[in-house]
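Since the structure comes first, as structure tokens, the remarks are kept for the end.
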Amino acid sequence: DVSTTTRTYENLLTAISKKGLGLSTCNIGDTFSVGSGVCTVMNVRNEEQEDLNDTSICLHFVYGQNKFLFMADASESMEKDVTWSKVDVLKVGHHGSATSTSADFLKQVKPTDAIILCGKNNSYGHPDIEALERLENVGAKIHRTDTLGTILLTSNGTTYDIKSIKTSIDGNSSTNGMSE
């Protein structure tokens, strides 16, 4: 029930319309299948928030024995609203900003691997050194798009694999595999 006027959001609405799709509202605890995995909605705030990032939909995904948590742009304020369980892989909230990925949150999720989506030399300074230190303190292996390029996460339900794909200016790519 929250909308914005960003170009990205407008492009999303246009793409949905062109494909003849519709929108639906989700609630905390809703589940849906992705293949043979199950996603659970962990957070969604349907009222206007001071910070639109805290209206982000956070998803917990279980596929076989593997557990993943996708935190969108949620901040520490939202992290406090939920009881979290341990996961294998955490997609870090808000690009690794100082206002996300709190120590209390990380004590609950204890990720083996953490993925941070952020642009190289971005104007926000993401990821923040404090967030990186908190991830290191819980022993998470950190994978960052600003240093590694595209990150590909795959799972067979028993094990998962994280690879990075760097694309050079000439369009050639190379893969760096990191299995777990």
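Going by the structure tokens order, chains are called A, B, ..., each with residues numbered from 1, while ligands are numbered from 1 in the order shown.
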Query raised in the report: Can you list every residue in chain A that DSSP puts in helix (DSSP H, G or I), as a PyMOL selection string?
Result: chain A and resi 7-18+52-55+76-79+93-96+103-109+129-137+145-148
Could you save the residues just selected, with C-alpha atoms, as a PDB file, in the first residue's frame?
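In the end it all went to part_4.pdb:
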ATOM      1  CA  ARG A   7      11.850   6.298 -12.150  1.00  0.00           C
ATOM      2  CA  THR A   8      12.617   2.705 -11.143  1.00  0.00           C
ATOM      3  CA  TYR A   9       9.188   2.273  -9.554  1.00  0.00           C
ATOM      4  CA  GLU A  10       7.450   3.847 -12.549  1.00  0.00           C
ATOM      5  CA  ASN A  11       9.388   1.518 -14.896  1.00  0.00           C
ATOM      6  CA  LEU A  12       8.306  -1.457 -12.800  1.00  0.00           C
ATOM      7  CA  LEU A  13       4.647  -0.443 -13.008  1.00  0.00           C
ATOM      8  CA  THR A  14       4.958   0.044 -16.781  1.00  0.00           C
ATOM      9  CA  ALA A  15       6.537  -3.408 -17.233  1.00  0.00           C
ATOM     10  CA  ILE A  16       3.808  -5.032 -15.116  1.00  0.00           C
ATOM     11  CA  SER A  17       1.129  -3.297 -17.171  1.00  0.00           C
ATOM     12  CA  LYS A  18       2.718  -4.237 -20.527  1.00  0.00           C
ATOM     13  CA  LEU A  52      10.470   4.289   2.578  1.00  0.00           C
ATOM     14  CA  ASN A  53      13.288   1.750   2.903  1.00  0.00           C
ATOM     15  CA  ASP A  54      11.437   0.322   5.899  1.00  0.00           C
ATOM     16  CA  THR A  55       8.502  -0.568   3.661  1.00  0.00           C
ATOM     17  CA  GLU A  76      17.941  -1.664  11.819  1.00  0.00           C
ATOM     18  CA  SER A  77      14.603  -0.144  12.848  1.00  0.00           C
ATOM     19  CA  MET A  78      12.765  -2.869  10.930  1.00  0.00           C
ATOM     20  CA  GLU A  79      15.202  -5.616  11.996  1.00  0.00           C
ATOM     21  CA  GLY A  93      19.940  -4.913   3.881  1.00  0.00           C
ATOM     22  CA  HIS A  94      20.251  -1.453   2.354  1.00  0.00           C
ATOM     23  CA  HIS A  95      23.462  -2.113   0.395  1.00  0.00           C
ATOM     24  CA  GLY A  96      25.459  -2.566   3.606  1.00  0.00           C
ATOM     25  CA  ALA A 103      24.784  -6.714  15.725  1.00  0.00           C
ATOM     26  CA  ASP A 104      21.592  -7.965  17.442  1.00  0.00           C
ATOM     27  CA  PHE A 105      20.112  -8.990  14.085  1.00  0.00           C
ATOM     28  CA  LEU A 106      23.323 -10.780  13.056  1.00  0.00           C
ATOM     29  CA  LYS A 107      23.426 -12.687  16.364  1.00  0.00           C
ATOM     30  CA  GLN A 108      20.073 -14.192  15.352  1.00  0.00           C
ATOM     31  CA  VAL A 109      20.687 -14.965  11.665  1.00  0.00           C
ATOM     32  CA  ILE A 129      32.863  -0.153   7.310  1.00  0.00           C
ATOM     33  CA  GLU A 130      30.748  -0.642  10.459  1.00  0.00           C
ATOM     34  CA  ALA A 131      28.390  -3.048   8.668  1.00  0.00           C
ATOM     35  CA  LEU A 132      31.366  -4.934   7.217  1.00  0.00           C
ATOM     36  CA  GLU A 133      32.932  -5.253  10.675  1.00  0.00           C
ATOM     37  CA  ARG A 134      29.670  -6.551  12.164  1.00  0.00           C
ATOM     38  CA  LEU A 135      29.484  -9.202   9.423  1.00  0.00           C
ATOM     39  CA  GLU A 136      33.112 -10.191   9.999  1.00  0.00           C
ATOM     40  CA  ASN A 137      32.466 -10.431  13.759  1.00  0.00           C
ATOM     41  CA  THR A 145      29.117  -6.660  -6.198  1.00  0.00           C
ATOM     42  CA  ASP A 146      31.313  -3.547  -6.166  1.00  0.00           C
ATOM     43  CA  THR A 147      34.446  -5.689  -5.931  1.00  0.00           C
ATOM     44  CA  LEU A 148      33.363  -9.005  -7.478  1.00  0.00           C
TER      45      LEU A 148
END
Query - A:Thr31 surroundings by only C-alpha atoms, 7 Å radius, close-in-sequence under 5 positions cut, as number ranges by chain - result: A: 38-41
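Computed from the coordinates, the atom CA of A:Val87 to atom CA of A:Ile57 distance equals 17.3 Å.
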Query - Among the residues A:Thr158, A:Asn43, A:Ser33, A:Thr112, the one that comes closest to A:Asp73 [using only C-alpha atoms] - result: A:Asn43
Quick one: residues within 12 Å of A:Asn156, only C-alpha atoms, excluding same-chain residues fewer than 3 positions away - as a PDB file with C-alpha atoms, in the first residue's frame?
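Printed below is selection06.pdb as written:
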ATOM      1  CA  GLY A  35       9.889 -24.094  -7.591  1.00  0.00           C
ATOM      2  CA  SER A  36      10.039 -26.543  -4.698  1.00  0.00           C
ATOM      3  CA  GLY A  37      11.228 -23.837  -2.288  1.00  0.00           C
ATOM      4  CA  VAL A  62      13.888 -22.271   2.329  1.00  0.00           C
ATOM      5  CA  TYR A  63      14.941 -24.714  -0.363  1.00  0.00           C
ATOM      6  CA  GLY A  64      15.606 -28.176   0.996  1.00  0.00           C
ATOM      7  CA  GLN A  65      18.218 -27.792   3.728  1.00  0.00           C
ATOM      8  CA  ASN A  66      19.325 -24.325   2.565  1.00  0.00           C
ATOM      9  CA  LYS A  67      17.972 -21.119   4.106  1.00  0.00           C
ATOM     10  CA  LEU A 153      23.807 -17.886  -5.986  1.00  0.00           C
ATOM     11  CA  THR A 159      24.428 -27.351  -0.822  1.00  0.00           C
ATOM     12  CA  TYR A 160      24.692 -23.915  -2.356  1.00  0.00           C
ATOM     13  CA  ASP A 161      27.264 -22.253  -4.564  1.00  0.00           C
ATOM     14  CA  SER A 179      31.288 -23.433  -3.227  1.00  0.00           C
ATOM     15  CA  GLU A 180      29.727 -24.092   0.158  1.00  0.00           C
TER      16      GLU A 180
END
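Restricting the calculation to only C-alpha atoms, the smallest distance between A:Asp113 and any of A:His60, A:Lys91, A:Lys163, A:Lys19 is found for A:Lys91.
Put simply, atom CA of A:Asn121 is 15.6 Å away from atom CA of A:Thr150.
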Report task. May I have the residues within 6 Å of A:Phe70 as a ChimeraX atom specification, using only C-alpha atoms and disregarding those fewer than 2 positions away in the same chain? Result -> /A:58-59,72,91
Report task. Point out the residue among A:Ile162, A:Ile151, A:Met42, A:Leu69 with the least atom-to-atom distance to A:Lys86, counting only C-alpha atoms. Result -> A:Leu69
